[in-house]
$ cat protein.tsv   # TSV, C-alpha atoms
chain	number	residue	atom	x	y	z
A	6	MET	CA	5.62	-21.67	47.09
A	7	THR	CA	7.81	-24.75	46.95
A	8	HIS	CA	6.03	-26.94	44.43
A	9	THR	CA	9.10	-28.11	42.47
A	10	LEU	CA	11.36	-28.42	45.52
A	11	HIS	CA	11.66	-31.62	47.59
A	12	ARG	CA	11.67	-34.00	44.58
A	13	THR	CA	13.41	-37.14	45.79
A	14	GLY	CA	15.48	-39.64	43.83
A	15	ASP	CA	18.96	-40.92	43.15
A	16	LEU	CA	21.40	-38.85	41.10
A	17	SER	CA	20.99	-40.80	37.87
A	18	SER	CA	17.22	-40.34	38.01
A	19	LEU	CA	17.43	-36.63	38.94
A	20	GLN	CA	19.78	-36.07	36.00
A	21	LYS	CA	16.72	-36.69	33.82
A	22	ASP	CA	14.41	-34.28	35.66
A	23	TYR	CA	14.46	-30.52	35.08
A	24	VAL	CA	11.60	-28.05	35.41
A	25	VAL	CA	11.79	-24.56	33.90
A	26	LEU	CA	9.32	-22.02	35.30
A	27	VAL	CA	8.50	-18.55	33.93
A	28	MET	CA	6.32	-16.03	35.75
A	29	SER	CA	5.66	-12.36	36.37
A	30	CYS	CA	5.73	-10.82	39.84
A	31	ARG	CA	2.41	-9.55	41.19
A	32	GLY	CA	2.54	-5.86	41.99
A	33	PHE	CA	5.94	-5.37	40.32
A	34	ASN	CA	5.86	-6.35	36.64
A	35	ASP	CA	2.57	-8.22	36.08
A	36	ALA	CA	0.67	-5.37	34.40
A	37	GLY	CA	0.59	-6.14	30.67
A	38	ALA	CA	2.70	-9.29	31.10
A	39	THR	CA	0.40	-11.62	29.09
A	40	PRO	CA	2.18	-11.28	25.68
A	41	LYS	CA	5.60	-11.74	27.32
A	42	LEU	CA	4.40	-14.86	29.10
A	43	VAL	CA	2.85	-16.22	25.90
A	44	GLU	CA	6.19	-15.73	24.15
A	45	ALA	CA	7.89	-17.55	27.03
A	46	LEU	CA	5.36	-20.40	26.74
A	47	GLN	CA	6.11	-20.68	23.01
A	48	ILE	CA	9.83	-20.94	23.82
A	49	LEU	CA	9.14	-23.64	26.43
A	50	ALA	CA	7.05	-25.54	23.87
A	51	LYS	CA	9.63	-25.23	21.08
A	52	PHE	CA	12.13	-27.54	22.80
A	53	ASP	CA	9.90	-30.63	23.09
A	54	PRO	CA	9.03	-30.65	26.79
A	55	ILE	CA	7.66	-33.90	28.19
A	56	ASN	CA	5.19	-31.85	30.21
A	57	LEU	CA	4.00	-28.28	29.87
A	58	GLY	CA	1.40	-26.28	31.73
A	59	ASP	CA	0.08	-23.25	33.53
A	60	MET	CA	-0.33	-23.49	37.29
A	61	LYS	CA	-3.56	-21.51	36.97
A	62	THR	CA	-5.30	-23.31	34.09
A	63	GLY	CA	-3.80	-26.77	33.66
A	64	SER	CA	-1.22	-28.89	31.88
A	65	ILE	CA	-1.11	-30.55	28.47
A	66	TRP	CA	-1.92	-33.88	30.14
A	67	ALA	CA	-4.84	-32.48	32.10
A	68	ARG	CA	-6.17	-30.72	28.98
A	69	ASP	CA	-5.95	-33.54	26.44
A	70	TYR	CA	-2.71	-32.24	24.99
A	71	ASN	CA	-4.40	-29.04	23.81
A	72	PHE	CA	-1.53	-26.54	23.77
A	73	LYS	CA	-3.68	-23.89	22.06
A	74	ARG	CA	-6.12	-23.86	24.98
A	75	ILE	CA	-3.29	-23.29	27.45
A	76	MET	CA	-1.96	-20.42	25.36
A	77	GLU	CA	-5.38	-18.82	24.97
A	78	SER	CA	-5.97	-19.01	28.73
A	79	ALA	CA	-2.80	-17.04	29.51
A	80	THR	CA	-3.14	-14.08	31.87
A	81	ASP	CA	-0.76	-11.51	33.37
A	82	THR	CA	-0.19	-13.84	36.34
A	83	SER	CA	0.12	-17.18	34.55
A	84	ILE	CA	2.90	-19.42	35.85
A	85	PHE	CA	4.22	-21.55	33.00
A	86	HIS	CA	6.30	-24.70	33.36
A	87	GLY	CA	8.17	-26.95	30.95
A	88	VAL	CA	9.72	-30.29	31.99
A	89	TYR	CA	12.85	-31.57	30.22
A	90	ARG	CA	14.97	-34.70	30.37
A	91	ASP	CA	18.49	-33.29	30.03
A	92	ILE	CA	20.54	-30.24	30.94
A	93	GLY	CA	21.54	-29.71	27.30
A	94	THR	CA	17.93	-28.97	26.36
A	95	VAL	CA	17.49	-26.77	29.44
A	96	LYS	CA	20.51	-24.78	28.26
A	97	LYS	CA	18.82	-24.13	24.89
A	98	VAL	CA	15.57	-23.10	26.60
A	99	VAL	CA	17.27	-20.70	29.04
A	100	LYS	CA	19.44	-19.24	26.28
A	101	ALA	CA	16.33	-18.54	24.18
A	102	LEU	CA	14.54	-17.00	27.18
A	103	LYS	CA	17.55	-14.80	27.92
A	104	GLU	CA	17.79	-13.65	24.30
A	105	ALA	CA	14.07	-12.86	24.24
A	106	SER	CA	14.74	-10.46	27.14
A	107	LEU	CA	11.18	-10.67	28.47
A	108	GLY	CA	11.92	-9.39	31.98
A	109	MET	CA	9.99	-12.31	33.49
A	110	SER	CA	11.48	-14.40	36.31
A	111	VAL	CA	12.94	-17.75	35.25
A	112	VAL	CA	13.51	-20.55	37.76
A	113	VAL	CA	15.13	-23.89	36.95
A	114	SER	CA	14.59	-26.82	39.31
A	115	GLY	CA	17.25	-29.49	39.05
A	116	LEU	CA	20.77	-30.48	40.07
A	117	TYR	CA	22.50	-27.29	41.23
A	118	ASP	CA	25.97	-28.15	39.96
A	119	GLU	CA	24.66	-28.82	36.46
A	120	VAL	CA	22.37	-25.78	36.36
A	121	SER	CA	25.10	-23.51	37.74
A	122	ALA	CA	27.66	-24.71	35.14
A	123	MET	CA	25.09	-24.42	32.33
A	124	SER	CA	24.22	-20.87	33.43
A	125	ARG	CA	27.85	-19.76	33.43
A	126	GLU	CA	28.29	-21.10	29.89
A	127	ILE	CA	25.55	-18.81	28.58
A	128	GLY	CA	26.35	-15.78	30.73
A	129	VAL	CA	23.54	-16.10	33.26
A	130	LYS	CA	24.24	-15.62	36.98
A	131	PRO	CA	21.93	-17.45	39.41
A	132	HIS	CA	20.45	-14.97	41.88
A	133	THR	CA	18.78	-17.03	44.63
A	134	VAL	CA	18.59	-20.73	45.46
A	135	PHE	CA	16.00	-22.67	47.38
A	136	ALA	CA	17.40	-25.91	48.80
A	137	SER	CA	15.73	-28.85	50.51
A	138	ILE	CA	17.20	-30.17	53.75
A	139	GLY	CA	14.78	-33.05	53.70
A	140	VAL	CA	11.72	-34.26	55.55
A	141	TRP	CA	11.68	-33.81	59.33
A	142	GLY	CA	9.24	-35.01	61.97
A	143	LYS	CA	7.47	-38.38	62.02
A	144	THR	CA	9.14	-39.81	58.92
A	145	LYS	CA	7.93	-43.34	59.61
A	146	LEU	CA	4.62	-42.15	58.11
A	147	LEU	CA	6.25	-41.86	54.67
A	148	PRO	CA	5.90	-44.59	52.01
A	149	GLU	CA	8.44	-47.39	52.49
A	150	ARG	CA	9.33	-47.76	48.82
A	151	ALA	CA	11.65	-45.06	47.48
A	152	GLU	CA	10.02	-45.24	44.04
A	153	VAL	CA	6.63	-44.28	45.51
A	154	LEU	CA	8.16	-41.27	47.26
A	155	ASP	CA	10.02	-40.30	44.08
A	156	ILE	CA	6.75	-40.35	42.13
A	157	ILE	CA	4.52	-38.47	44.57
A	158	THR	CA	7.12	-35.72	45.18
A	159	MET	CA	6.98	-34.87	41.46
A	160	SER	CA	3.60	-33.27	42.19
A	161	GLY	CA	4.63	-30.75	44.81
A	162	HIS	CA	1.04	-29.80	45.55
A	163	GLY	CA	0.32	-33.38	46.59
A	164	MET	CA	-2.08	-34.12	43.74
A	165	VAL	CA	-0.72	-37.65	43.16
A	166	SER	CA	-1.67	-39.95	46.02
A	167	ARG	CA	0.56	-42.81	47.19
A	168	TYR	CA	-2.55	-45.01	47.07
A	169	LEU	CA	-3.11	-44.18	43.40
A	170	VAL	CA	0.53	-45.12	42.74
A	171	ALA	CA	0.03	-48.45	44.54
A	172	LYS	CA	-3.19	-49.17	42.64
A	173	LEU	CA	-1.72	-48.34	39.23
A	174	ALA	CA	1.48	-50.29	39.96
A	175	LYS	CA	-0.68	-53.32	40.73
A	176	ASP	CA	-2.60	-52.82	37.46
A	177	VAL	CA	0.72	-52.71	35.58
A	178	GLN	CA	1.94	-55.83	37.35
A	179	THR	CA	-1.23	-57.74	36.45
A	180	ARG	CA	-0.97	-56.39	32.87
A	181	LYS	CA	-4.28	-54.54	32.97
A	182	ILE	CA	-2.51	-51.37	31.82
A	183	SER	CA	0.98	-50.42	30.60
A	184	SER	CA	3.51	-48.39	32.58
A	185	ASP	CA	2.98	-45.62	30.03
A	186	GLU	CA	-0.78	-45.54	30.75
A	187	ALA	CA	-0.11	-45.50	34.50
A	188	ALA	CA	2.26	-42.54	34.13
A	189	ARG	CA	-0.21	-40.62	31.95
A	190	THR	CA	-3.02	-41.20	34.45
A	191	MET	CA	-0.89	-39.72	37.23
A	192	ALA	CA	0.25	-36.80	35.06
A	193	LYS	CA	-3.39	-35.78	34.59
A	194	CYS	CA	-3.68	-35.23	38.36
A	195	CYS	CA	-0.92	-32.60	38.37
A	196	THR	CA	-2.50	-29.34	37.19
A	197	CYS	CA	0.74	-27.33	37.04
A	198	GLY	CA	2.44	-29.50	34.43
A	199	ILE	CA	5.54	-30.25	36.50
A	200	PHE	CA	5.08	-34.04	36.64
A	201	ASN	CA	7.83	-35.87	34.74
A	202	VAL	CA	5.89	-38.53	32.84
A	203	GLU	CA	8.92	-40.36	31.46
A	204	ARG	CA	10.62	-40.56	34.85
A	205	CYS	CA	7.37	-41.81	36.38
A	206	LYS	CA	7.21	-44.57	33.78
A	207	GLU	CA	10.73	-45.70	34.70
A	208	LEU	CA	9.91	-45.60	38.41
A	209	ILE	CA	6.71	-47.61	37.94
A	210	GLU	CA	8.66	-50.23	36.00
A	211	SER	CA	11.26	-50.40	38.77
A	212	LEU	CA	8.49	-50.65	41.37
A	213	THR	CA	6.70	-53.51	39.63
A	214	ARG	CA	9.95	-55.31	38.82
A	215	ASN	CA	11.06	-55.33	42.45
A	216	GLN	CA	7.70	-55.85	44.16
B	15	MET	CA	11.99	-16.89	46.06
B	16	LYS	CA	10.77	-17.45	42.51
B	17	THR	CA	10.77	-13.69	41.91
B	18	ASN	CA	13.35	-12.67	44.50
B	19	GLU	CA	15.48	-10.70	42.02
B	20	VAL	CA	12.44	-8.40	41.60
B	21	THR	CA	11.05	-8.31	45.15
B	22	GLY	CA	14.34	-8.48	47.07
B	23	ARG	CA	12.51	-10.40	49.79
B	24	VAL	CA	15.49	-12.56	50.81
B	25	ARG	CA	18.50	-10.23	50.97
B	26	TRP	CA	22.24	-10.70	51.44
B	27	GLY	CA	22.98	-12.16	54.85
B	28	GLU	CA	19.44	-13.49	55.22
B	29	VAL	CA	17.98	-16.99	55.01
B	30	GLY	CA	14.40	-17.72	53.94
B	31	LEU	CA	12.72	-20.75	55.55
B	32	ALA	CA	9.67	-22.54	54.15
B	33	LEU	CA	8.07	-25.40	56.05
B	34	ASP	CA	5.58	-27.53	54.13
B	35	PHE	CA	3.56	-29.26	56.83
B	36	GLY	CA	2.24	-32.74	56.12
B	37	ARG	CA	4.13	-32.92	52.84
B	38	PRO	CA	4.49	-35.29	51.08
B	39	GLY	CA	0.97	-36.65	51.17
B	40	ILE	CA	0.40	-36.99	54.95
B	41	SER	CA	-1.54	-33.83	55.97
B	42	THR	CA	-1.41	-32.06	59.33
B	43	LEU	CA	-3.45	-30.79	62.23
B	44	PHE	CA	-3.13	-27.10	63.07
B	45	GLU	CA	-2.09	-28.03	66.62
B	46	ASP	CA	1.13	-29.44	65.13
B	47	ILE	CA	1.76	-26.26	63.14
B	48	GLU	CA	1.27	-24.27	66.35
B	49	LYS	CA	3.99	-26.26	68.17
B	50	VAL	CA	6.51	-25.34	65.47
B	51	PHE	CA	5.25	-21.77	65.09
B	52	MET	CA	5.81	-21.19	68.82
B	53	ALA	CA	9.38	-22.54	68.57
B	54	LEU	CA	10.15	-20.27	65.61
B	55	ALA	CA	8.64	-17.23	67.31
B	56	ALA	CA	10.82	-17.90	70.36
B	57	ALA	CA	13.88	-18.16	68.08
B	58	GLY	CA	13.20	-14.63	66.81
B	59	VAL	CA	12.41	-15.20	63.12
B	60	HIS	CA	10.49	-12.67	60.96
B	61	PHE	CA	7.31	-14.23	59.60
B	62	GLU	CA	6.38	-13.48	55.97
B	63	LYS	CA	3.60	-10.88	55.82
B	64	GLU	CA	2.23	-12.10	52.45
B	65	ASN	CA	1.68	-15.66	53.71
B	66	SER	CA	-1.98	-16.35	54.48
B	67	LEU	CA	-1.23	-19.09	57.07
B	68	ASN	CA	0.89	-16.71	59.14
B	69	ALA	CA	-2.11	-14.41	59.53
B	70	LEU	CA	-3.81	-17.08	61.69
B	71	PHE	CA	-1.09	-16.88	64.35
B	72	ASP	CA	0.03	-14.40	67.01
B	73	GLU	CA	3.52	-13.80	65.66
B	74	THR	CA	4.99	-12.83	69.04
B	75	LYS	CA	3.86	-15.91	71.00
B	76	GLY	CA	3.37	-18.23	68.02
B	77	THR	CA	-0.07	-19.32	69.24
B	78	LEU	CA	-3.20	-19.65	67.10
B	79	LYS	CA	-5.45	-16.60	67.32
B	80	ASP	CA	-8.49	-18.91	67.28
B	81	GLY	CA	-7.91	-22.07	69.36
B	82	ARG	CA	-10.78	-23.90	67.62
B	83	LEU	CA	-8.47	-24.35	64.61
B	84	ARG	CA	-6.23	-26.80	66.51
B	85	THR	CA	-8.35	-29.80	65.46
B	86	VAL	CA	-8.65	-28.71	61.82
B	87	ARG	CA	-6.69	-30.79	59.31
B	88	ALA	CA	-5.06	-29.44	56.12
B	89	LEU	CA	-3.04	-31.11	53.35
B	90	GLN	CA	0.16	-29.05	53.26
B	91	PRO	CA	0.02	-25.50	54.63
B	92	ILE	CA	3.29	-23.55	54.52
B	93	ILE	CA	4.99	-21.42	57.16
B	94	GLU	CA	7.34	-18.87	55.59
B	95	CYS	CA	9.80	-16.74	57.53
B	96	LYS	CA	13.28	-15.32	57.33
B	97	PHE	CA	16.16	-14.53	59.67
B	98	ASN	CA	19.80	-13.48	59.67
B	99	ILE	CA	22.23	-16.21	58.64
B	100	ASP	CA	23.90	-15.87	62.07
B	101	GLN	CA	20.67	-17.26	63.58
B	102	LEU	CA	20.63	-20.36	61.36
B	103	GLU	CA	21.93	-22.78	63.96
B	104	THR	CA	19.56	-21.49	66.67
B	105	VAL	CA	16.56	-21.67	64.34
B	106	LEU	CA	17.34	-25.16	63.02
B	107	ARG	CA	17.99	-26.54	66.51
B	108	ALA	CA	14.63	-25.09	67.66
B	109	LEU	CA	12.98	-26.62	64.59
B	110	GLU	CA	14.63	-29.97	65.25
B	111	ASP	CA	13.30	-30.04	68.82
B	112	ALA	CA	9.79	-28.92	67.81
B	113	THR	CA	9.43	-31.43	64.96
B	114	LYS	CA	10.17	-34.28	67.39
B	115	LYS	CA	6.86	-33.44	69.11
B	116	ILE	CA	4.57	-33.47	66.07
B	117	ASP	CA	2.43	-36.23	64.62
B	118	THR	CA	3.23	-35.50	60.99
B	119	VAL	CA	6.12	-34.65	58.68
B	120	VAL	CA	7.53	-31.33	57.50
B	121	SER	CA	9.45	-30.74	54.26
B	122	VAL	CA	12.09	-28.15	55.08
B	123	GLY	CA	13.40	-25.65	52.50
B	124	LEU	CA	15.98	-22.88	52.85
B	125	ALA	CA	16.48	-19.94	50.48
B	126	SER	CA	19.65	-17.90	50.10
B	127	ARG	CA	21.32	-15.50	47.70
B	128	VAL	CA	24.09	-16.77	45.40
B	129	ARG	CA	27.50	-15.12	45.16
B	130	VAL	CA	28.68	-13.94	41.75
B	131	ASP	CA	31.08	-16.91	41.56
B	132	GLY	CA	28.18	-19.35	42.08
B	133	THR	CA	29.05	-20.29	45.67
B	134	ILE	CA	26.39	-20.06	48.36
B	135	PRO	CA	27.08	-18.81	51.91
B	136	LEU	CA	24.18	-20.82	53.35
B	137	PHE	CA	25.81	-24.11	52.34
B	138	GLU	CA	29.04	-23.25	54.10
B	139	THR	CA	27.09	-22.84	57.35
B	140	LEU	CA	25.09	-26.05	56.78
B	141	ASP	CA	28.33	-27.94	56.08
B	142	ARG	CA	29.77	-26.66	59.36
B	143	MET	CA	26.63	-27.81	61.17
B	144	GLY	CA	26.70	-31.24	59.50
B	145	ILE	CA	23.25	-30.74	57.95
B	146	GLN	CA	22.86	-32.32	54.53
B	147	TYR	CA	21.06	-30.58	51.67
B	148	LYS	CA	19.74	-32.18	48.51
B	149	PRO	CA	21.69	-31.73	45.27
B	150	ASN	CA	18.56	-30.72	43.35
B	151	MET	CA	17.25	-27.23	44.07
B	152	LYS	CA	15.14	-24.39	42.74
B	153	ILE	CA	17.43	-21.85	41.12
B	154	ASN	CA	16.24	-18.33	40.29
B	155	LEU	CA	18.33	-17.20	37.32
B	156	GLY	CA	17.91	-13.48	37.96
B	157	LEU	CA	16.29	-12.63	34.60
B	158	GLY	CA	13.24	-10.76	36.02
B	159	ARG	CA	13.04	-6.97	35.65
B	160	PRO	CA	13.08	-4.42	37.15
B	161	LEU	CA	15.69	-5.66	39.59
B	162	SER	CA	15.17	-4.90	43.26
B	163	PRO	CA	17.26	-1.87	44.32
B	164	GLU	CA	19.61	-4.04	46.40
B	165	ARG	CA	20.55	-6.06	43.32
B	166	VAL	CA	21.71	-2.90	41.55
B	167	HIS	CA	24.23	-2.24	44.34
B	168	GLU	CA	24.95	-5.92	44.92
B	169	LYS	CA	27.64	-7.00	47.34
B	170	VAL	CA	29.86	-9.95	46.43
B	171	ASP	CA	29.54	-11.38	49.92

$ encode --input "protein.tsv" --output "C-alpha cells"
Amino acid sequence: MTHTLHRTGDLSSLQKDYVVLVMSCRGFNDAGATPKLVEALQILAKFDPINLGDMKTGSIWARDYNFKRIMESATDTSIFHGVYRDIGTVKKVVKALKEASLGMSVVVSGLYDEVSAMSREIGVKPHTVFASIGVWGKTKLLPERAEVLDIITMSGHGMVSRYLVAKLAKDVQTRKISSDEAARTMAKCCTCGIFNVERCKELIESLTRNQ
Amino acid sequence: MKTNEVTGRVRWGEVGLALDFGRPGISTLFEDIEKVFMALAAAGVHFEKENSLNALFDETKGTLKDGRLRTVRALQPIIECKFNIDQLETVLRALEDATKKIDTVVSVGLASRVRVDGTIPLFETLDRMGIQYKPNMKINLGLGRPLSPERVHEKVD
C-alpha cells in the first residue's frame, strides 16, 4: 500500500507535511495488538496533530472530531495516522513511540534527509524506504495546476477529486466559503486521516490568488 | 514495506516495485495493466503473492487469466513485485517502454533496505541511471517486533 507516497509539492511546502503511521502486522504480531495500538494512538494525539485517523474506521474530520469514537473502534489491525507540520514535533512523537516500546511498526512519510537526521538524533535506525520516482505514462492527463496535484495527492487513495478542488476553489474565489471551510470539506473525504488540512488551505489560497 | 522489519519481504540486495495504475485520480482499464504486466513478466520480476490484483494474471506470460476483464475500469489498482537490484535497469527500461503504450498514468514507487549509516544502495543505482527520485518518502523506522530473522543477522551492505 502506497497511500502516503507520491505526495507532490515544492520543498518549502513538503517541509510542513509529515505523516506518522503505526500498525501491527497481520499474521506476525496482530494478535492482542489492540491495547498497544490504542496507546500509540494516544501518543499520536498528545502532540497536537492537524489530522488523525484510522484507515479502517475514519479520521477526526470524517467523524466530527470525535477522538473517543476512533479510540473505541480500535482493533488488532487498526492503522493509525497522525499528521504534523514540522520535523521537531515528529521527533517528539517518534521518541515517545520508541520509549513506549510497543513493538508496532512505525512509518514516517516526509523529507528523507530530515527524517533520517531526526532518527539518528534519537537513536532510531531507518530499516526500509519507499521512494517515488514520479508519474509515468500519459502525464498530459494530469491537472495543469501544480496546486491541484499537490492537494489531490494528499489523499493517496484518490478520495479527493480534482473537480471538487476546482469547485471549492471557485467558491473561495467568489467568497461563498473560506479557504478553511474548503480544506475541511476535502479533509472529510479522506477516511485515513492523512490529509494535511493546513497545507491544503495554503494551496487553495495560492490557487485562488493566481487563477 | 510498512511492516518490512517484521515480514522481511524486501531483503538486502532486493528492490520492491509498486505501480499505482491510474493514480492520481485518472483511473485505468485492465488492458493497460496487462501491457505493463507482460513487460514485467518478460523482465523476470517476482510478483507479490499477497497482492489480490496479481492473482488475476498469468505470472509467466503476464496476460489476464480472464480476457473479459480488459474493458473493466478501476480507480487505482496496484501491481507489486520485487527483483534483484542488478535487474533494476532492465526492469525500469521495460517499464518505460510499456508505459509509453498506455492510455493512463502510473505512479511508480521503489522500496529498498537502508544501510546502518542511513545511505541507500537503490539511490546510488538510480543516480547512475539518471533517474530522479522525490525527496519525500515513506520511511519504516524498524520499531516493529519480532524482527524478521534476516534483520537479526543484518549485513551492512

$ interface_residues --input "protein.tsv" --of "chain A" --to "chain B" --cutoff "7 Å" --atoms "only C-alpha atoms" --output "VMD selection string"
chain A and resid 10 30 108 to 117 121 129 to 144 158 163 166

$ residues_around --input "protein.tsv" --residues "Ile55 of chain A" --least-positions-apart "3" --cutoff "9 Å" --atoms "only C-alpha atoms" --output "JSON, numbers by chain"
{"A": [87, 88, 89, 90, 200, 201, 202, 203]}

$ residues_around --input "protein.tsv" --residues "segment 41-43 of chain A" --least-positions-apart "5" --cutoff "10 Å" --atoms "only C-alpha atoms" --output "list in words"
Val27, Met28, Ser29, Asp35, Ile48, Leu49, Ile75, Met76, Glu77, Ser78, Ala79, Thr80, Asp81, Thr82, Ser83, Ile84, Phe85, Ala105, Ser106, Leu107, Gly108 and Met109 of chain A

$ residues_near_point --input "protein.tsv" --point "(-9.6, -23.2, 68.9)" --cutoff "12 Å" --atoms "all atoms listed in the file" --output "PyMOL selection string"
chain B and resi 43-45+48+70-71+77-86

$ axis_aligned_box --input "protein.tsv" --around "segment 112-125 of chain A" --padding-each-side "8 Å" --output "JSON"
{"center_x": 20.7, "center_y": -25.1, "center_z": 36.8, "size_x": 30.3, "size_y": 26.7, "size_z": 24.9}

$ atom_distance --input "protein.tsv" --atom1 "atom CA of Lys193 of chain A" --atom2 "atom CA of Lys51 of chain A"
21.5 Å

$ atom_distance --input "protein.tsv" --atom1 "atom CA of Lys63 of chain B" --atom2 "atom CA of Lys75 of chain B"
16.0 Å

$ atom_distance --input "protein.tsv" --atom1 "atom CA of Arg204 of chain A" --atom2 "atom CA of Asp22 of chain A"
7.4 Å

$ closest_residue --input "protein.tsv" --among "A:Ala45, A:Ala192, A:Ile199, A:Ile127" --to "Leu102 of chain A" --atoms "only C-alpha atoms"
A:Ala45

$ closest_residue --input "protein.tsv" --among "B:Gln101, B:Leu106, B:Ala69, B:Arg23" --to "Val50 of chain B" --atoms "all atoms listed in the file"
B:Leu106

$ closest_residue --input "protein.tsv" --among "B:Ile93, B:Leu54, B:Met143, B:Val105" --to "Asn68 of chain B" --atoms "only C-alpha atoms"
B:Ile93

$ decode --input "protein.tsv" --residues "segment 46-93 of chain B" --atoms "C-alpha atoms" --output "PDB file, in the first residue's frame"
ATOM      1  CA  ASP B  46      -3.400  -1.136 -19.828  1.00  0.00           C
ATOM      2  CA  ILE B  47      -2.375  -3.029 -16.700  1.00  0.00           C
ATOM      3  CA  GLU B  48      -1.910  -6.142 -18.853  1.00  0.00           C
ATOM      4  CA  LYS B  49       0.530  -4.338 -21.193  1.00  0.00           C
ATOM      5  CA  VAL B  50       2.757  -3.454 -18.243  1.00  0.00           C
ATOM      6  CA  PHE B  51       2.299  -6.810 -16.509  1.00  0.00           C
ATOM      7  CA  MET B  52       3.529  -8.585 -19.660  1.00  0.00           C
ATOM      8  CA  ALA B  53       6.618  -6.344 -19.811  1.00  0.00           C
ATOM      9  CA  LEU B  54       7.432  -7.029 -16.151  1.00  0.00           C
ATOM     10  CA  ALA B  55       6.926 -10.769 -16.549  1.00  0.00           C
ATOM     11  CA  ALA B  56       9.330 -10.743 -19.505  1.00  0.00           C
ATOM     12  CA  ALA B  57      11.874  -8.829 -17.391  1.00  0.00           C
ATOM     13  CA  GLY B  58      11.836 -11.666 -14.834  1.00  0.00           C
ATOM     14  CA  VAL B  59      10.387  -9.979 -11.723  1.00  0.00           C
ATOM     15  CA  HIS B  60       8.797 -11.913  -8.825  1.00  0.00           C
ATOM     16  CA  PHE B  61       5.175 -10.875  -8.352  1.00  0.00           C
ATOM     17  CA  GLU B  62       3.918 -10.414  -4.778  1.00  0.00           C
ATOM     18  CA  LYS B  63       1.805 -13.409  -3.716  1.00  0.00           C
ATOM     19  CA  GLU B  64      -0.295 -11.421  -1.196  1.00  0.00           C
ATOM     20  CA  ASN B  65      -1.441  -8.886  -3.811  1.00  0.00           C
ATOM     21  CA  SER B  66      -5.008  -9.549  -4.959  1.00  0.00           C
ATOM     22  CA  LEU B  67      -4.521  -7.898  -8.393  1.00  0.00           C
ATOM     23  CA  ASN B  68      -1.634 -10.220  -9.233  1.00  0.00           C
ATOM     24  CA  ALA B  69      -3.940 -13.211  -8.800  1.00  0.00           C
ATOM     25  CA  LEU B  70      -5.854 -12.115 -11.927  1.00  0.00           C
ATOM     26  CA  PHE B  71      -2.799 -12.565 -14.157  1.00  0.00           C
ATOM     27  CA  ASP B  72      -0.763 -15.470 -15.532  1.00  0.00           C
ATOM     28  CA  GLU B  73       2.537 -14.554 -13.895  1.00  0.00           C
ATOM     29  CA  THR B  74       4.668 -16.300 -16.528  1.00  0.00           C
ATOM     30  CA  LYS B  75       3.178 -14.611 -19.610  1.00  0.00           C
ATOM     31  CA  GLY B  76       1.736 -11.562 -17.844  1.00  0.00           C
ATOM     32  CA  THR B  77      -1.642 -11.980 -19.554  1.00  0.00           C
ATOM     33  CA  LEU B  78      -5.051 -11.715 -17.882  1.00  0.00           C
ATOM     34  CA  LYS B  79      -6.494 -15.105 -16.959  1.00  0.00           C
ATOM     35  CA  ASP B  80      -9.947 -13.858 -17.993  1.00  0.00           C
ATOM     36  CA  GLY B  81      -9.792 -11.688 -21.136  1.00  0.00           C
ATOM     37  CA  ARG B  82     -13.229 -10.178 -20.423  1.00  0.00           C
ATOM     38  CA  LEU B  83     -11.566  -8.018 -17.743  1.00  0.00           C
ATOM     39  CA  ARG B  84      -9.681  -5.970 -20.367  1.00  0.00           C
ATOM     40  CA  THR B  85     -12.556  -3.484 -20.716  1.00  0.00           C
ATOM     41  CA  VAL B  86     -13.144  -3.150 -16.964  1.00  0.00           C
ATOM     42  CA  ARG B  87     -12.101   0.162 -15.418  1.00  0.00           C
ATOM     43  CA  ALA B  88     -10.702   0.612 -11.879  1.00  0.00           C
ATOM     44  CA  LEU B  89      -9.545   3.677  -9.927  1.00  0.00           C
ATOM     45  CA  GLN B  90      -6.017   2.743  -8.872  1.00  0.00           C
ATOM     46  CA  PRO B  91      -5.139  -0.957  -8.696  1.00  0.00           C
ATOM     47  CA  ILE B  92      -1.567  -1.767  -7.661  1.00  0.00           C
ATOM     48  CA  ILE B  93       0.951  -4.197  -9.138  1.00  0.00           C
TER      49      ILE B  93
END
